[in-house]
Amino acid sequence: MRIVIAEDSVLLRAGLTGLLVDAGEEVVATVDNADDLLTVVERHQPDLAVVDVRMPPTFTDDGLRAALQIRARWPKIGILVLSQYVEETYASELLANDTTGLGYLLKDRIADVSEFLSGVRRVGGGGTALDPEVVAQLLARSRRRDPLDRLSPRERQVLGLMAEGRTNAAIAAELVVSDGAVEKHVSNIFTKLDLPPTSHDHRRVLAVLRWLDT
Amino acid sequence: MVADASVRTSRRQSDSRRPACRRRAQVGTTPGRRHPVAPWPWPDRVLTLDRVIRDLLRPWREATTWWSLTHVMLDVLVGTVTFTVTVVFLATSVALLITFPLALPFIWGLGVASRAMAIVERSRFAAVLGEPILDPVAPLRSRSPWGRLVERGRSGARWRELAYNLLALPRGMLTAFVAGIAWCGSAALVLLPLYVSTLPGETAKFWLFEVSQGPAALAATVVGLSGLLIAPWVTLALVRLDRAAARWLLAPRREADLGEQVTRLETSRAAAVDSAEAERRRIERDLHDGAQQRLVALAMGLGTARERLEADPEGGRRLVAEAHEEAKAALKEIRDLVRGIHPVILEDRGLDAALSAVVARSPVPVSLSVEVAERPPAVVESTAYFVVAEALTNVARHAHATRAAVSIARAGDRLVVEVRDDGVGGADPGRGTGLQGLRDRVTALGGAMHLVSPDGGPTTLLVDVPCAS
């Protein structure tokens with residue numbers, strides 16, 4: 001996978017590059033600010049851009065705004081947004097219209113290398129990677145208390161993992177249950193929340209997130 | 001996921017309607033200014049009958065009239081209470097002056113009661129007439145009871161409040177009497193023919209007049225109708241009297257209160273310094289107890305692992321894994337701490353977005369409502385943010401609540417923050433440093449904090465901060 005990295009901390013930029021190269025990915029360019037990011041993305045047309053939210057020039061949400069621009073101009077390029085702390089609002093803005101090839105993770109997650117790499121590959125392959133903390137915020141803030149309360153604890157767990165963008169197989173591995181059991185939970189959730197059933201993982205994430213946020 | 005502001009706002013229960021209505025009431029009380037009287041003969045305005053009638057009837061259509069009438073009717077009730085309480089305390093104090101020490105509790109009671117009643121009066125003007133009256137009284141600074149009593153005695157603003165409380169009754173009686181005649185007298189005259197027609201004697205005694213059936217009774221109706229036409233104007237005039245009294249005795253006076261103003265500012269400045277100091281101490285403590293300890297443990301773990309790696313690779317690997325966990329925990333702690341010092345999203349996206357994360361982290365379910373159309377100054381926003389964050393921390397730690405509600409609304413030029421929970425109550429700013437810190441922060445901005453937390457709950461924390469910088 002060809003990857004571009006935008007991160008203003010030198011240490012983290014080098015660390016990320018090393019980690020991705022070790023894992024057999026190709027890092028085609030690294031930049032330290034949001035403006036340069038757009039330039040290199042245009043030039044290299046990578047498969048994935050890994051973007052820090054807080055970067056020069058304004059040190060607020062420059063990375064996020066650059067990510068939205070990349071999405072608008074080159075919708076095929078996957079974007080993984082990294083941040084020191086995650087905010088539900090930023091996630092809502094990033095994932096407003098589609099969730100394909102989009103990720104939003106805490107920087108802390110890099111410390112769990114294999115988990116992080118699977119997130120990177122998921123987003124690069126058109127999937128979604130949403131930080132568990134964002135999902136927790138969404139669940140806590142969702143106004144749809146009643147239907148949520150109807151879910152069993154296990155089903156809530158599965159709902160959270162679906163919102164993070166995991167596939168059935170990944171959910172089964174995480175919860176140490178069979179694929180069949182996960183499928184049963186998923187179909188129960190869709191029935192209880194009155195969601196149109198969809199087998200496609202990507203559309204499933206969007207459906208769940210929309211449901212939580214409306 | 002749509003983070004559209006309009007969607008967000010629409011789903012929130014709104015309780016900010018009243019301020020808008022009050023503001024209208026405030027504007028509406030000076031009708032003359034909005035319709036300037038044109039010089040005779042009006043060149044561009046023909047004086048027609050329907051125009052005159054419409055102008056005369058205008059107060060009937062305006063909410064201001066009815067708010068004013070409510071206010072005037074309350075005058076006599078409030079006046080009775082304030083007058084009675086003040087006179088009782090005053091008379092007792094004076095009577096006991098011979099045995100001075102015995103008079104002291106009553107003098108103290110007089111001061112406290114008079115102050116409390118003046119505060120209630122100010123809120124009545126704000127609530128009913130939509131006219132906020134600023135409080136000129138400086139907080140007491142002395143620690144000793146005697147010193148505080150002397151401070152009360154020296155405060156001109158407090159003496160004026162006392163005078164206001166005494167004058168409230170005669171004023172209330174006057175306004176109630178005049179309003180009563182204007183409204184009830186007129187209404188009675190209008191209904192008089194109806195009453196007279198049911199009488200066997202064909203005449204009725206009304207005040208000094210004998211009214212018989214027929215033309216005389218009809219004349220009474222005409223007089224009554226004109227009375228009703230005038231009554232709203234009379235009400236508006238009476239409210240002007242009320243306002244004048246309140247402005248004269250309850251509102252700040254520029255020259256006389258300058259000294260007290262300085263005291264108030266000094267208090268708020270001291271509060272600002274205190275709150276900054278407390279904040280520094282909190283950060284130091286959090287770093288020391290949290291991240292620093294974790295990093296020590298991490299370094300120790302890695303050091304041991306390095307020693308052991310050769311001799312016992314399996315044990316060394318385990319130690320490295322533990323150190324990895326320790327490092328992640330330290331990261332999380334520092335993240336929470338840094339976010340607590342200054343949440344970047346507050347600057348970026350405002351209170352609603354910043355507070356949703358706070359609310360989501362709360363172990364107690366919290367409902368959040370933010371009704372702030374125009375963003376207040378940054379310092380007000382961050383104060384509101386910390387009030388909510390600290391209050392929710394307290395709810396989680398001490399309240400044993402099952403749910404809590406946060407609502408933030410803009411009322412005129414003030415931002416009002418309310419945090420409620422259904423917990424056990426008994427919160428006391430004197431005990432925890434957190435609440436005192438909040439109070440300092442709010443005071444530093446010229447705002448006010450009210451905490452209502454009886455034993456057994458529920459607890460309500462109300463903070464309002466002026467938005468004008």
# chains A, B, ... in the order shown; residues from 1 in each chain; ligands from 1

$ interface_residues --of "chain B" --to "chain A" --cutoff "10 Å" --atoms "only C-alpha atoms" --output "PyMOL selection string"
chain B and resi 1-4+7-8+11+324-325+327-329+331-332+335-336+338-339+343-345+347-349+352-354+356-368

$ residues_around --residues "A:Arg122" --least-positions-apart "5" --cutoff "12 Å" --atoms "only C-alpha atoms" --output "ChimeraX atom specification"
/A:1,47-48,78-80,99-104,115-117,127-130,164-167,170,201-202

$ write_last_selection --atoms "C-alpha atoms" --output "PDB file, in the first residue's frame"
ATOM      1  CA  MET A   1       0.000   0.000   0.000  1.00  0.00           C
ATOM      2  CA  ASP A  47      -3.803   4.646  -1.374  1.00  0.00           C
ATOM      3  CA  LEU A  48      -3.906   6.107   2.106  1.00  0.00           C
ATOM      4  CA  GLY A  78      -8.295   6.372   2.084  1.00  0.00           C
ATOM      5  CA  ILE A  79      -7.820   8.726   5.051  1.00  0.00           C
ATOM      6  CA  LEU A  80      -6.795   7.785   8.570  1.00  0.00           C
ATOM      7  CA  THR A  99     -17.530   5.879   5.831  1.00  0.00           C
ATOM      8  CA  THR A 100     -15.627   4.072   3.109  1.00  0.00           C
ATOM      9  CA  GLY A 101     -11.883   4.298   3.518  1.00  0.00           C
ATOM     10  CA  LEU A 102     -12.100   6.579   6.557  1.00  0.00           C
ATOM     11  CA  GLY A 103     -10.576   6.157   9.973  1.00  0.00           C
ATOM     12  CA  TYR A 104     -10.356   8.223  13.140  1.00  0.00           C
ATOM     13  CA  GLU A 115      -4.087  -3.611  16.125  1.00  0.00           C
ATOM     14  CA  PHE A 116      -3.011  -0.309  14.576  1.00  0.00           C
ATOM     15  CA  LEU A 117      -1.716  -2.013  11.425  1.00  0.00           C
ATOM     16  CA  GLY A 127     -13.189  -0.035   5.329  1.00  0.00           C
ATOM     17  CA  THR A 128     -13.729   2.058   8.451  1.00  0.00           C
ATOM     18  CA  ALA A 129     -11.748   2.350  11.676  1.00  0.00           C
ATOM     19  CA  LEU A 130     -13.448   4.374  14.365  1.00  0.00           C
ATOM     20  CA  GLU A 164     -15.788   0.830  14.952  1.00  0.00           C
ATOM     21  CA  GLY A 165     -15.899  -0.688  11.473  1.00  0.00           C
ATOM     22  CA  ARG A 166     -15.002  -4.298  12.224  1.00  0.00           C
ATOM     23  CA  THR A 167     -16.120  -7.182  10.062  1.00  0.00           C
ATOM     24  CA  ALA A 170     -12.987  -9.618  13.366  1.00  0.00           C
ATOM     25  CA  ASP A 201     -19.867  -4.142   6.053  1.00  0.00           C
ATOM     26  CA  HIS A 202     -19.239  -0.588   4.843  1.00  0.00           C
TER      27      HIS A 202
END

$ residues_around --residues "A:Thr30" --least-positions-apart "3" --cutoff "9 Å" --atoms "only C-alpha atoms" --output "ChimeraX atom specification"
/A:3-7,13,17,27,37,40

$ write_last_selection --atoms "C-alpha atoms" --output "mmCIF file, in the first residue's frame"
data_model
loop_
_atom_site.group_PDB
_atom_site.id
_atom_site.type_symbol
_atom_site.label_atom_id
_atom_site.label_comp_id
_atom_site.auth_asym_id
_atom_site.auth_seq_id
_atom_site.Cartn_x
_atom_site.Cartn_y
_atom_site.Cartn_z
ATOM 1 C CA ILE A 3 1.001 5.814 2.119
ATOM 2 C CA VAL A 4 1.462 9.553 2.777
ATOM 3 C CA ILE A 5 2.021 10.745 6.343
ATOM 4 C CA ALA A 6 1.204 14.230 7.664
ATOM 5 C CA GLU A 7 2.402 14.702 11.235
ATOM 6 C CA ARG A 13 6.608 10.939 12.056
ATOM 7 C CA THR A 17 7.262 5.669 9.001
ATOM 8 C CA VAL A 27 5.642 5.372 2.632
ATOM 9 C CA LEU A 37 -0.310 17.442 2.580
ATOM 10 C CA VAL A 40 1.862 15.645 -1.992
#

$ residues_around --residues "stretch 433-439 of chain B" --least-positions-apart "2" --cutoff "10 Å" --atoms "only C-alpha atoms" --output "ChimeraX atom specification"
/B:271-272,274-279,282,383-384,386-388,390-391,393-394,427-431,441-444,447-451,461,463

$ closest_residue --among "A:Leu148, A:Pro132, A:Leu64, A:Ala181" --to "A:Met162" --atoms "only C-alpha atoms"
A:Pro132

$ residues_around --residues "stretch 101-118 of chain B" --least-positions-apart "6" --cutoff "10 Å" --atoms "only C-alpha atoms" --output "PDB file with N, CA and C atoms, in the first residue's frame"
ATOM      1  N   VAL B  78     -45.788  42.240  48.821  1.00  0.00           N
ATOM      2  CA  VAL B  78     -44.360  42.325  49.139  1.00  0.00           C
ATOM      3  C   VAL B  78     -44.132  43.396  50.196  1.00  0.00           C
ATOM      4  N   VAL B  81     -44.958  42.369  53.751  1.00  0.00           N
ATOM      5  CA  VAL B  81     -43.950  41.496  54.347  1.00  0.00           C
ATOM      6  C   VAL B  81     -42.698  42.294  54.714  1.00  0.00           C
ATOM      7  N   THR B  82     -42.159  43.052  53.749  1.00  0.00           N
ATOM      8  CA  THR B  82     -40.891  43.743  54.029  1.00  0.00           C
ATOM      9  C   THR B  82     -41.074  44.749  55.168  1.00  0.00           C
ATOM     10  N   PHE B  83     -42.201  45.460  55.156  1.00  0.00           N
ATOM     11  CA  PHE B  83     -42.437  46.466  56.192  1.00  0.00           C
ATOM     12  C   PHE B  83     -42.526  45.796  57.561  1.00  0.00           C
ATOM     13  N   VAL B  85     -41.512  42.808  58.646  1.00  0.00           N
ATOM     14  CA  VAL B  85     -40.256  42.210  59.116  1.00  0.00           C
ATOM     15  C   VAL B  85     -39.289  43.303  59.570  1.00  0.00           C
ATOM     16  N   THR B  86     -39.147  44.340  58.736  1.00  0.00           N
ATOM     17  CA  THR B  86     -38.198  45.403  59.073  1.00  0.00           C
ATOM     18  C   THR B  86     -38.596  46.098  60.374  1.00  0.00           C
ATOM     19  N   VAL B  87     -39.893  46.434  60.476  1.00  0.00           N
ATOM     20  CA  VAL B  87     -40.323  47.174  61.667  1.00  0.00           C
ATOM     21  C   VAL B  87     -40.156  46.328  62.921  1.00  0.00           C
ATOM     22  N   VAL B  88     -40.488  45.037  62.822  1.00  0.00           N
ATOM     23  CA  VAL B  88     -40.351  44.175  64.006  1.00  0.00           C
ATOM     24  C   VAL B  88     -38.898  44.154  64.477  1.00  0.00           C
ATOM     25  N   PHE B  89     -37.986  43.910  63.533  1.00  0.00           N
ATOM     26  CA  PHE B  89     -36.572  43.858  63.923  1.00  0.00           C
ATOM     27  C   PHE B  89     -36.081  45.214  64.428  1.00  0.00           C
ATOM     28  N   LEU B  90     -36.511  46.257  63.726  1.00  0.00           N
ATOM     29  CA  LEU B  90     -36.056  47.605  64.077  1.00  0.00           C
ATOM     30  C   LEU B  90     -36.543  47.972  65.474  1.00  0.00           C
ATOM     31  N   ALA B  91     -37.836  47.737  65.723  1.00  0.00           N
ATOM     32  CA  ALA B  91     -38.418  48.111  67.012  1.00  0.00           C
ATOM     33  C   ALA B  91     -37.764  47.311  68.134  1.00  0.00           C
ATOM     34  N   THR B  92     -37.593  46.015  67.914  1.00  0.00           N
ATOM     35  CA  THR B  92     -36.977  45.195  68.954  1.00  0.00           C
ATOM     36  C   THR B  92     -35.555  45.678  69.232  1.00  0.00           C
ATOM     37  N   SER B  93     -34.818  45.939  68.182  1.00  0.00           N
ATOM     38  CA  SER B  93     -33.440  46.393  68.369  1.00  0.00           C
ATOM     39  C   SER B  93     -33.415  47.683  69.176  1.00  0.00           C
ATOM     40  N   VAL B  94     -34.257  48.631  68.796  1.00  0.00           N
ATOM     41  CA  VAL B  94     -34.264  49.923  69.490  1.00  0.00           C
ATOM     42  C   VAL B  94     -34.667  49.741  70.939  1.00  0.00           C
ATOM     43  N   ALA B  95     -35.707  48.915  71.164  1.00  0.00           N
ATOM     44  CA  ALA B  95     -36.191  48.711  72.529  1.00  0.00           C
ATOM     45  C   ALA B  95     -35.120  48.090  73.410  1.00  0.00           C
ATOM     46  N   ARG B 124     -37.488  40.174  41.611  1.00  0.00           N
ATOM     47  CA  ARG B 124     -38.864  40.377  41.157  1.00  0.00           C
ATOM     48  C   ARG B 124     -38.885  41.361  39.986  1.00  0.00           C
ATOM     49  N   ASP B 135     -26.759  44.997  41.678  1.00  0.00           N
ATOM     50  CA  ASP B 135     -26.637  44.971  43.124  1.00  0.00           C
ATOM     51  C   ASP B 135     -25.397  45.758  43.544  1.00  0.00           C
ATOM     52  N   VAL B 137     -24.278  46.247  46.583  1.00  0.00           N
ATOM     53  CA  VAL B 137     -23.748  45.915  47.903  1.00  0.00           C
ATOM     54  C   VAL B 137     -22.477  45.075  47.777  1.00  0.00           C
ATOM     55  N   PRO B 145     -17.457  38.326  63.634  1.00  0.00           N
ATOM     56  CA  PRO B 145     -18.869  38.726  63.609  1.00  0.00           C
ATOM     57  C   PRO B 145     -19.024  40.231  63.849  1.00  0.00           C
ATOM     58  N   TRP B 146     -18.249  40.775  64.776  1.00  0.00           N
ATOM     59  CA  TRP B 146     -18.366  42.198  65.085  1.00  0.00           C
ATOM     60  C   TRP B 146     -17.969  43.027  63.867  1.00  0.00           C
ATOM     61  N   ARG B 148     -18.071  42.194  60.813  1.00  0.00           N
ATOM     62  CA  ARG B 148     -19.077  42.080  59.755  1.00  0.00           C
ATOM     63  C   ARG B 148     -20.263  42.993  60.050  1.00  0.00           C
ATOM     64  N   LEU B 149     -20.610  43.090  61.352  1.00  0.00           N
ATOM     65  CA  LEU B 149     -21.721  43.957  61.734  1.00  0.00           C
ATOM     66  C   LEU B 149     -21.382  45.414  61.431  1.00  0.00           C
ATOM     67  N   ARG B 152     -21.631  46.085  57.777  1.00  0.00           N
ATOM     68  CA  ARG B 152     -23.027  46.272  57.378  1.00  0.00           C
ATOM     69  C   ARG B 152     -23.485  47.693  57.686  1.00  0.00           C
ATOM     70  N   GLY B 153     -23.109  48.169  58.894  1.00  0.00           N
ATOM     71  CA  GLY B 153     -23.535  49.496  59.326  1.00  0.00           C
ATOM     72  C   GLY B 153     -22.928  50.600  58.472  1.00  0.00           C
ATOM     73  N   ALA B 157     -25.275  51.415  50.732  1.00  0.00           N
ATOM     74  CA  ALA B 157     -26.207  50.660  49.897  1.00  0.00           C
ATOM     75  C   ALA B 157     -27.148  49.825  50.760  1.00  0.00           C
ATOM     76  N   ARG B 158     -26.618  49.285  51.865  1.00  0.00           N
ATOM     77  CA  ARG B 158     -27.465  48.477  52.745  1.00  0.00           C
ATOM     78  C   ARG B 158     -28.503  49.339  53.456  1.00  0.00           C
ATOM     79  N   TRP B 159     -28.123  50.550  53.835  1.00  0.00           N
ATOM     80  CA  TRP B 159     -29.096  51.452  54.464  1.00  0.00           C
ATOM     81  C   TRP B 159     -30.208  51.808  53.485  1.00  0.00           C
ATOM     82  N   ARG B 160     -29.814  52.022  52.228  1.00  0.00           N
ATOM     83  CA  ARG B 160     -30.838  52.346  51.229  1.00  0.00           C
ATOM     84  C   ARG B 160     -31.807  51.178  51.037  1.00  0.00           C
ATOM     85  N   GLU B 161     -31.263  49.965  51.109  1.00  0.00           N
ATOM     86  CA  GLU B 161     -32.144  48.796  50.999  1.00  0.00           C
ATOM     87  C   GLU B 161     -33.157  48.782  52.144  1.00  0.00           C
ATOM     88  N   LEU B 162     -32.668  49.129  53.327  1.00  0.00           N
ATOM     89  CA  LEU B 162     -33.559  49.177  54.490  1.00  0.00           C
ATOM     90  C   LEU B 162     -34.679  50.190  54.245  1.00  0.00           C
ATOM     91  N   ALA B 163     -34.286  51.363  53.756  1.00  0.00           N
ATOM     92  CA  ALA B 163     -35.281  52.397  53.474  1.00  0.00           C
ATOM     93  C   ALA B 163     -36.279  51.905  52.437  1.00  0.00           C
ATOM     94  N   TYR B 164     -35.775  51.225  51.445  1.00  0.00           N
ATOM     95  CA  TYR B 164     -36.661  50.701  50.394  1.00  0.00           C
ATOM     96  C   TYR B 164     -37.688  49.749  51.004  1.00  0.00           C
ATOM     97  N   ASN B 165     -37.204  48.857  51.892  1.00  0.00           N
ATOM     98  CA  ASN B 165     -38.108  47.877  52.500  1.00  0.00           C
ATOM     99  C   ASN B 165     -39.201  48.560  53.326  1.00  0.00           C
ATOM    100  N   LEU B 166     -38.858  49.666  53.984  1.00  0.00           N
ATOM    101  CA  LEU B 166     -39.855  50.385  54.781  1.00  0.00           C
ATOM    102  C   LEU B 166     -40.854  51.102  53.879  1.00  0.00           C
ATOM    103  N   ALA B 246     -37.143  51.755  42.836  1.00  0.00           N
ATOM    104  CA  ALA B 246     -36.095  50.736  42.833  1.00  0.00           C
ATOM    105  C   ALA B 246     -34.774  51.319  42.349  1.00  0.00           C
ATOM    106  N   LEU B 249     -33.320  53.521  45.203  1.00  0.00           N
ATOM    107  CA  LEU B 249     -32.852  52.929  46.454  1.00  0.00           C
ATOM    108  C   LEU B 249     -32.136  51.589  46.297  1.00  0.00           C
ATOM    109  N   LEU B 250     -32.420  50.859  45.227  1.00  0.00           N
ATOM    110  CA  LEU B 250     -31.809  49.527  45.117  1.00  0.00           C
ATOM    111  C   LEU B 250     -30.631  49.483  44.151  1.00  0.00           C
TER     112      LEU B 250
END

$ atom_distance --atom1 "atom CA of A:Val28" --atom2 "atom CA of A:Pro46"
7.7 Å

$ residues_around --residues "B:Glu374" --least-positions-apart "6" --cutoff "12 Å" --atoms "only C-alpha atoms" --output "PDB file with N, CA and C atoms, in the first residue's frame"
ATOM      1  N   GLY B 350     -16.920  25.264  20.101  1.00  0.00           N
ATOM      2  CA  GLY B 350     -17.850  25.806  21.090  1.00  0.00           C
ATOM      3  C   GLY B 350     -18.274  24.808  22.153  1.00  0.00           C
ATOM      4  N   LEU B 351     -19.156  25.307  23.018  1.00  0.00           N
ATOM      5  CA  LEU B 351     -19.536  24.581  24.231  1.00  0.00           C
ATOM      6  C   LEU B 351     -20.204  23.245  23.959  1.00  0.00           C
ATOM      7  N   GLU B 381     -16.897  31.049  27.986  1.00  0.00           N
ATOM      8  CA  GLU B 381     -17.101  29.668  27.533  1.00  0.00           C
ATOM      9  C   GLU B 381     -16.294  28.702  28.377  1.00  0.00           C
ATOM     10  N   ALA B 409     -27.961  28.214  28.763  1.00  0.00           N
ATOM     11  CA  ALA B 409     -28.763  29.081  27.900  1.00  0.00           C
ATOM     12  C   ALA B 409     -28.265  30.500  28.047  1.00  0.00           C
ATOM     13  N   ARG B 410     -28.515  31.261  27.010  1.00  0.00           N
ATOM     14  CA  ARG B 410     -28.130  32.656  27.062  1.00  0.00           C
ATOM     15  C   ARG B 410     -29.375  33.461  27.419  1.00  0.00           C
ATOM     16  N   ALA B 411     -29.314  34.223  28.509  1.00  0.00           N
ATOM     17  CA  ALA B 411     -30.441  35.071  28.896  1.00  0.00           C
ATOM     18  C   ALA B 411     -29.959  36.510  28.820  1.00  0.00           C
ATOM     19  N   GLY B 412     -30.346  37.183  27.761  1.00  0.00           N
ATOM     20  CA  GLY B 412     -29.886  38.549  27.576  1.00  0.00           C
ATOM     21  C   GLY B 412     -28.383  38.576  27.449  1.00  0.00           C
ATOM     22  N   ASP B 413     -27.717  39.357  28.300  1.00  0.00           N
ATOM     23  CA  ASP B 413     -26.266  39.426  28.194  1.00  0.00           C
ATOM     24  C   ASP B 413     -25.597  38.539  29.237  1.00  0.00           C
ATOM     25  N   ARG B 414     -26.313  37.519  29.699  1.00  0.00           N
ATOM     26  CA  ARG B 414     -25.704  36.610  30.669  1.00  0.00           C
ATOM     27  C   ARG B 414     -25.788  35.173  30.165  1.00  0.00           C
ATOM     28  N   LEU B 415     -24.804  34.390  30.570  1.00  0.00           N
ATOM     29  CA  LEU B 415     -24.837  32.970  30.245  1.00  0.00           C
ATOM     30  C   LEU B 415     -25.219  32.233  31.525  1.00  0.00           C
ATOM     31  N   CYS B 467     -21.831  38.134  29.881  1.00  0.00           N
ATOM     32  CA  CYS B 467     -21.105  37.845  28.641  1.00  0.00           C
ATOM     33  C   CYS B 467     -20.396  39.075  28.095  1.00  0.00           C
TER      34      CYS B 467
END

$ atom_distance --atom1 "atom CA of B:Pro59" --atom2 "atom CA of B:Val223"
19.1 Å

$ residues_around --residues "A:Ala67" --least-positions-apart "4" --cutoff "9 Å" --atoms "only C-alpha atoms" --output "list in words"
Ala34, Leu38, Ala49, Val51, Val53, Asp62, Gly63, Arg71, Ala72, Ile79, Leu80, Val81 and Leu94 of chain A

$ select_by_dssp --residues "stretch 55-236 of chain B" --states "helix (DSSP H, G or I)" --output "ChimeraX atom specification"
/B:55-61,63-129,145-154,156-197,215-236

$ atom_distance --atom1 "atom CA of B:Ala399" --atom2 "atom CA of B:Gly456"
9.7 Å
